[in-house]
Amino acid sequence: MPPSDSVQRARRDLGARLRALRTSKGLTGETLGAACGWSSSKVSRIETGFSGINAAGIKVWTAACGQPEAAPELIAIAEGIQHMYLEWREMERDGLARAQEHVLPLWDDTERFKAYAIDYIPGPLQTEDYTRAVLEGIRIRRGLSGDDLDQAVRTRAAKQQYFKKATFRIVLEEDVLYTRYAEPAVMRDQLARLIQIADYSKVSLGIIPRTADRGPAHKAQDFWIFDDRTVQVEIVSAFLTLTQGHEVRRYVDDFQRLSKLAGASVPLILDAIAAYS
């Protein structure tokens with residue numbers, strides 16, 4: 001789905017709450033705009049979700065409506081919206097390592113992970129050499145400094161600790177095994193690592209064969225689901241976080257459909273290892 005769908009819906013919900021504050025005081029858009037030093041068209045754009053509003057704007061709005069006590073909750077909602085769609089250039093502004101650390105609080109709070117991949121082998125399943133090759137490619141493509149590459153690799157490798165405390169259901173498209181981001185020796189080691197992880201008691205690893213009859217289980221972008229309450233998706237331009245129930249359910253439902261297509265992983269991995277020999 002387009003990344004703006006989630007953001008715009010959240011903006012509309014916030015705008016509806018701000019509009020309710022305005023109308024509860026009998027203020028028109030023009031009157032409120034004048035009190036805030038804005039045009040009435042700006043008020044309209046905020047209320048309809050076409051424009052966002054920051055903390056300062058919310059404080060001015062709620063004060064004009066005589067309800068400054070409503071500001072903290074609305075500011076928290078607005079800040080959450082800002083984090084829903086985070087451009088890579090913003091997320092990686094302080095380096096690859098900080099970008100890797102960005103998701104750790106959510107990982108710490110999660111007990112049930114679900115992941116689907118059509119591009120990269122998911123982070124916790126990666127060997128350090130595979131991670132280094134992937135991150136180096138990202139660094140070059142986005143014009144980032146490589147000063148913290150080693151730290152970024154270590155941060156991603158540290159995610160393997162979560163195998164001890166949480167359960168993982170992971171579904172890969174077979175093409176992931178053949179997408180070469182590193183030299184053959186690194187790819188062979190990476191695939192061997194998958195076989196090892198597939199034997200973990202808390203990990204369920206399935207692979208969708210290239211020959212699968214897809215039906216309604218269409219291929220999607222790589223995504224993670226956290227306790228069926230938060231979804232994170234990596235798209236070309238940004239890092240998308242979804243928390244609205246209806247959107248999370250769509251990903252959970254898609255994951256269920258994709259899981260039904262996934263078969264035994266080891267035979268397909270062994271075939272891929274042979275292809276790199």
# chains A, B, ... in the order shown; residues from 1 in each chain; ligands from 1

$ select_by_dssp --residues "region 182-264 of chain A" --states "strand (DSSP E or B)" --output "MDAnalysis selection string"
chainID A and resid 203:208 223:226 230:234 238:242 263

$ residues_around --residues "region 124-136 of chain A" --least-positions-apart "6" --cutoff "8 Å" --atoms "only C-alpha atoms" --output "ChimeraX atom specification"
/A:96,146,149-150,153-154,156-160,181-182,186-187,189-190,193-194,197

$ write_last_selection --atoms "C-alpha atoms" --output "mmCIF file, in the first residue's frame"
data_model
loop_
_atom_site.group_PDB
_atom_site.id
_atom_site.type_symbol
_atom_site.label_atom_id
_atom_site.label_comp_id
_atom_site.auth_asym_id
_atom_site.auth_seq_id
_atom_site.Cartn_x
_atom_site.Cartn_y
_atom_site.Cartn_z
ATOM 1 C CA LEU A 96 24.113 3.228 9.734
ATOM 2 C CA GLY A 146 31.285 4.141 6.132
ATOM 3 C CA LEU A 149 29.963 0.189 9.316
ATOM 4 C CA ASP A 150 31.627 -2.153 11.825
ATOM 5 C CA VAL A 153 27.267 -4.896 11.687
ATOM 6 C CA ARG A 154 27.712 -5.617 15.405
ATOM 7 C CA ARG A 156 22.530 -6.156 13.718
ATOM 8 C CA ALA A 157 24.384 -9.293 14.845
ATOM 9 C CA ALA A 158 23.316 -8.588 18.427
ATOM 10 C CA LYS A 159 19.693 -9.167 17.386
ATOM 11 C CA GLN A 160 20.420 -12.892 17.541
ATOM 12 C CA TYR A 181 24.634 -9.682 -2.279
ATOM 13 C CA ALA A 182 28.064 -11.186 -1.575
ATOM 14 C CA VAL A 186 29.716 -15.761 1.882
ATOM 15 C CA MET A 187 26.402 -16.822 0.378
ATOM 16 C CA ASP A 189 27.966 -19.686 4.731
ATOM 17 C CA GLN A 190 24.819 -17.607 4.992
ATOM 18 C CA ARG A 193 23.442 -20.512 8.821
ATOM 19 C CA LEU A 194 19.782 -20.678 7.799
ATOM 20 C CA ILE A 197 18.641 -21.503 12.684
#

$ residues_around --residues "region 10-14 of chain A" --least-positions-apart "2" --cutoff "7 Å" --atoms "only C-alpha atoms" --output "list in words"
Ser6, Val7, Gln8, Ala16, Arg17, Leu18, Glu47, Thr48, Gly49, Gly52 and Ile81 of chain A

$ write_last_selection --atoms "C-alpha atoms" --output "PDB file, in the first residue's frame"
ATOM      1  CA  SER A   6      -1.341   5.338   6.902  1.00  0.00           C
ATOM      2  CA  VAL A   7       0.000   8.826   7.518  1.00  0.00           C
ATOM      3  CA  GLN A   8      -2.945  10.583   5.901  1.00  0.00           C
ATOM      4  CA  ALA A  16     -11.102  15.404  13.399  1.00  0.00           C
ATOM      5  CA  ARG A  17     -10.178  15.738  17.059  1.00  0.00           C
ATOM      6  CA  LEU A  18      -8.865  19.253  16.520  1.00  0.00           C
ATOM      7  CA  GLU A  47      -8.564  19.329   9.895  1.00  0.00           C
ATOM      8  CA  THR A  48      -8.849  17.313   6.689  1.00  0.00           C
ATOM      9  CA  GLY A  49      -5.434  15.700   7.097  1.00  0.00           C
ATOM     10  CA  GLY A  52       0.348  18.035   9.552  1.00  0.00           C
ATOM     11  CA  ILE A  81       2.442  10.296  13.131  1.00  0.00           C
TER      12      ILE A  81
END

$ closest_residue --among "A:Ala212, A:Ser265, A:Ile46, A:Trp38" --to "Gly15 (chain A)" --atoms "only C-alpha atoms"
A:Ile46

$ residues_around --residues "Trp224 (chain A)" --least-positions-apart "5" --cutoff "7 Å" --atoms "only C-alpha atoms" --output "ChimeraX atom specification"
/A:114-116,231-233

$ select_by_dssp --residues "region 17-88 of chain A" --states "alpha helix (DSSP H)" --output "JSON, numbers by chain"
{"A": [17, 18, 19, 20, 21, 22, 23, 24, 29, 30, 31, 32, 33, 34, 35, 36, 40, 41, 42, 43, 44, 45, 46, 47, 55, 56, 57, 58, 59, 60, 61, 62, 63, 64, 71, 72, 73, 74, 75, 76, 77, 78, 79, 80, 81, 82, 83, 84, 88]}

$ write_last_selection --atoms "N, CA and C atoms" --output "tab-separated table (two decimals), in the first residue's frame"
chain	number	residue	atom	x	y	z
A	17	ARG	N	-10.18	15.38	15.64
A	17	ARG	CA	-10.18	15.74	17.06
A	17	ARG	C	-9.95	17.24	17.24
A	18	LEU	N	-9.08	17.81	16.43
A	18	LEU	CA	-8.87	19.25	16.52
A	18	LEU	C	-10.11	20.03	16.09
A	19	ARG	N	-10.77	19.53	15.06
A	19	ARG	CA	-12.01	20.18	14.61
A	19	ARG	C	-13.07	20.12	15.70
A	20	ALA	N	-13.13	18.98	16.42
A	20	ALA	CA	-14.12	18.84	17.49
A	20	ALA	C	-13.86	19.87	18.60
A	21	LEU	N	-12.57	20.13	18.89
A	21	LEU	CA	-12.26	21.17	19.87
A	21	LEU	C	-12.76	22.52	19.39
A	22	ARG	N	-12.54	22.82	18.11
A	22	ARG	CA	-12.94	24.11	17.56
A	22	ARG	C	-14.46	24.29	17.61
A	23	THR	N	-15.17	23.28	17.12
A	23	THR	CA	-16.63	23.41	17.04
A	23	THR	C	-17.28	23.40	18.42
A	24	SER	N	-16.62	22.73	19.39
A	24	SER	CA	-17.19	22.71	20.75
A	24	SER	C	-17.22	24.11	21.36
A	29	GLY	N	-13.59	28.20	11.22
A	29	GLY	CA	-12.20	28.05	10.80
A	29	GLY	C	-11.51	29.39	10.66
A	30	GLU	N	-12.24	30.37	10.19
A	30	GLU	CA	-11.67	31.71	10.02
A	30	GLU	C	-11.33	32.34	11.37
A	31	THR	N	-12.25	32.17	12.34
A	31	THR	CA	-12.02	32.75	13.66
A	31	THR	C	-10.83	32.10	14.34
A	32	LEU	N	-10.76	30.76	14.26
A	32	LEU	CA	-9.64	30.06	14.88
A	32	LEU	C	-8.33	30.44	14.19
A	33	GLY	N	-8.37	30.51	12.86
A	33	GLY	CA	-7.17	30.88	12.13
A	33	GLY	C	-6.65	32.24	12.55
A	34	ALA	N	-7.56	33.18	12.72
A	34	ALA	CA	-7.16	34.53	13.14
A	34	ALA	C	-6.52	34.50	14.53
A	35	ALA	N	-7.08	33.68	15.42
A	35	ALA	CA	-6.54	33.58	16.78
A	35	ALA	C	-5.16	32.96	16.79
A	36	CYS	N	-4.91	32.08	15.84
A	36	CYS	CA	-3.62	31.39	15.76
A	36	CYS	C	-2.62	32.10	14.85
A	40	SER	N	-7.52	30.70	7.15
A	40	SER	CA	-8.58	29.70	7.34
A	40	SER	C	-8.30	28.46	6.50
A	41	SER	N	-7.60	28.64	5.38
A	41	SER	CA	-7.29	27.49	4.53
A	41	SER	C	-6.30	26.55	5.23
A	42	LYS	N	-5.40	27.10	6.03
A	42	LYS	CA	-4.47	26.26	6.78
A	42	LYS	C	-5.24	25.44	7.81
A	43	VAL	N	-6.17	26.05	8.47
A	43	VAL	CA	-7.00	25.33	9.43
A	43	VAL	C	-7.72	24.18	8.73
A	44	SER	N	-8.27	24.46	7.56
A	44	SER	CA	-8.98	23.43	6.82
A	44	SER	C	-8.07	22.28	6.43
A	45	ARG	N	-6.85	22.60	5.98
A	45	ARG	CA	-5.90	21.54	5.57
A	45	ARG	C	-5.53	20.65	6.75
A	46	ILE	N	-5.38	21.25	7.92
A	46	ILE	CA	-5.04	20.46	9.10
A	46	ILE	C	-6.20	19.55	9.48
A	47	GLU	N	-7.40	20.10	9.47
A	47	GLU	CA	-8.56	19.33	9.90
A	47	GLU	C	-8.89	18.20	8.93
A	55	ALA	N	3.98	20.40	17.54
A	55	ALA	CA	3.63	20.62	18.94
A	55	ALA	C	3.26	22.08	19.20
A	56	ALA	N	4.04	23.00	18.62
A	56	ALA	CA	3.76	24.41	18.83
A	56	ALA	C	2.38	24.78	18.29
A	57	GLY	N	2.05	24.24	17.11
A	57	GLY	CA	0.75	24.53	16.52
A	57	GLY	C	-0.39	23.99	17.35
A	58	ILE	N	-0.20	22.81	17.93
A	58	ILE	CA	-1.25	22.22	18.77
A	58	ILE	C	-1.46	23.05	20.03
A	59	LYS	N	-0.38	23.55	20.61
A	59	LYS	CA	-0.51	24.37	21.81
A	59	LYS	C	-1.29	25.65	21.51
A	60	VAL	N	-1.01	26.26	20.35
A	60	VAL	CA	-1.73	27.48	19.97
A	60	VAL	C	-3.20	27.16	19.73
A	61	TRP	N	-3.45	26.04	19.04
A	61	TRP	CA	-4.84	25.64	18.71
A	61	TRP	C	-5.65	25.40	19.98
A	62	THR	N	-5.12	24.57	20.88
A	62	THR	CA	-5.87	24.23	22.08
A	62	THR	C	-6.06	25.45	22.98
A	63	ALA	N	-5.07	26.35	23.00
A	63	ALA	CA	-5.22	27.57	23.80
A	63	ALA	C	-6.33	28.44	23.22
A	64	ALA	N	-6.39	28.54	21.89
A	64	ALA	CA	-7.42	29.35	21.24
A	64	ALA	C	-8.81	28.78	21.50
A	71	ALA	N	-3.65	19.58	25.05
A	71	ALA	CA	-2.45	19.61	24.20
A	71	ALA	C	-1.53	18.40	24.35
A	72	PRO	N	-1.17	17.96	25.58
A	72	PRO	CA	-0.19	16.87	25.69
A	72	PRO	C	-0.58	15.60	24.94
A	73	GLU	N	-1.82	15.18	25.07
A	73	GLU	CA	-2.26	13.96	24.37
A	73	GLU	C	-2.20	14.15	22.86
A	74	LEU	N	-2.66	15.30	22.38
A	74	LEU	CA	-2.66	15.54	20.94
A	74	LEU	C	-1.24	15.67	20.39
A	75	ILE	N	-0.35	16.24	21.18
A	75	ILE	CA	1.06	16.34	20.76
A	75	ILE	C	1.66	14.95	20.63
A	76	ALA	N	1.35	14.07	21.58
A	76	ALA	CA	1.87	12.70	21.52
A	76	ALA	C	1.38	12.00	20.26
A	77	ILE	N	0.12	12.23	19.90
A	77	ILE	CA	-0.42	11.62	18.67
A	77	ILE	C	0.32	12.17	17.45
A	78	ALA	N	0.51	13.49	17.42
A	78	ALA	CA	1.19	14.12	16.28
A	78	ALA	C	2.62	13.61	16.13
A	79	GLU	N	3.31	13.45	17.25
A	79	GLU	CA	4.69	12.96	17.19
A	79	GLU	C	4.72	11.51	16.72
A	80	GLY	N	3.71	10.74	17.10
A	80	GLY	CA	3.62	9.36	16.62
A	80	GLY	C	3.44	9.31	15.11
A	81	ILE	N	2.65	10.23	14.58
A	81	ILE	CA	2.44	10.30	13.13
A	81	ILE	C	3.75	10.61	12.42
A	82	GLN	N	4.54	11.51	12.99
A	82	GLN	CA	5.81	11.87	12.38
A	82	GLN	C	6.74	10.68	12.28
A	83	HIS	N	6.64	9.73	13.22
A	83	HIS	CA	7.51	8.56	13.21
A	83	HIS	C	6.98	7.44	12.33
A	84	MET	N	5.74	7.56	11.86
A	84	MET	CA	5.18	6.50	11.04
A	84	MET	C	5.89	6.38	9.70
A	88	TRP	N	14.66	7.51	4.80
A	88	TRP	CA	15.98	6.94	5.09
A	88	TRP	C	17.02	8.04	5.36

$ closest_residue --among "A:Ser259, A:Thr230, A:Ser201, A:Gln244" --to "Arg214 (chain A)" --atoms "only C-alpha atoms"
A:Ser259

$ closest_residue --among "A:His102, A:Lys25, A:Gly37, A:Leu268" --to "Phe239 (chain A)" --atoms "only C-alpha atoms"
A:His102

$ residues_around --residues "region 250-256 of chain A" --least-positions-apart "4" --cutoff "7 Å" --atoms "only C-alpha atoms" --output "ChimeraX atom specification"
/A:217,228,246,260

$ closest_residue --among "A:Thr243, A:Asn54, A:Gly66, A:Glu111" --to "Ala166 (chain A)" --atoms "only C-alpha atoms"
A:Glu111

$ atom_distance --atom1 "CA of Ala274 (chain A)" --atom2 "CA of Ile170 (chain A)"
22.6 Å

$ closest_residue --among "A:Arg139, A:Arg229, A:Lys219, A:Arg180" --to "Arg112 (chain A)" --atoms "only C-alpha atoms"
A:Arg229

$ closest_residue --among "A:Thr28, A:Gln100, A:Ser204, A:Thr110" --to "Leu172 (chain A)" --atoms "only C-alpha atoms"
A:Ser204

$ atom_distance --atom1 "CA of Ser277 (chain A)" --atom2 "CA of Gly137 (chain A)"
23.2 Å

$ atom_distance --atom1 "CA of Tyr178 (chain A)" --atom2 "CA of Phe226 (chain A)"
27.0 Å
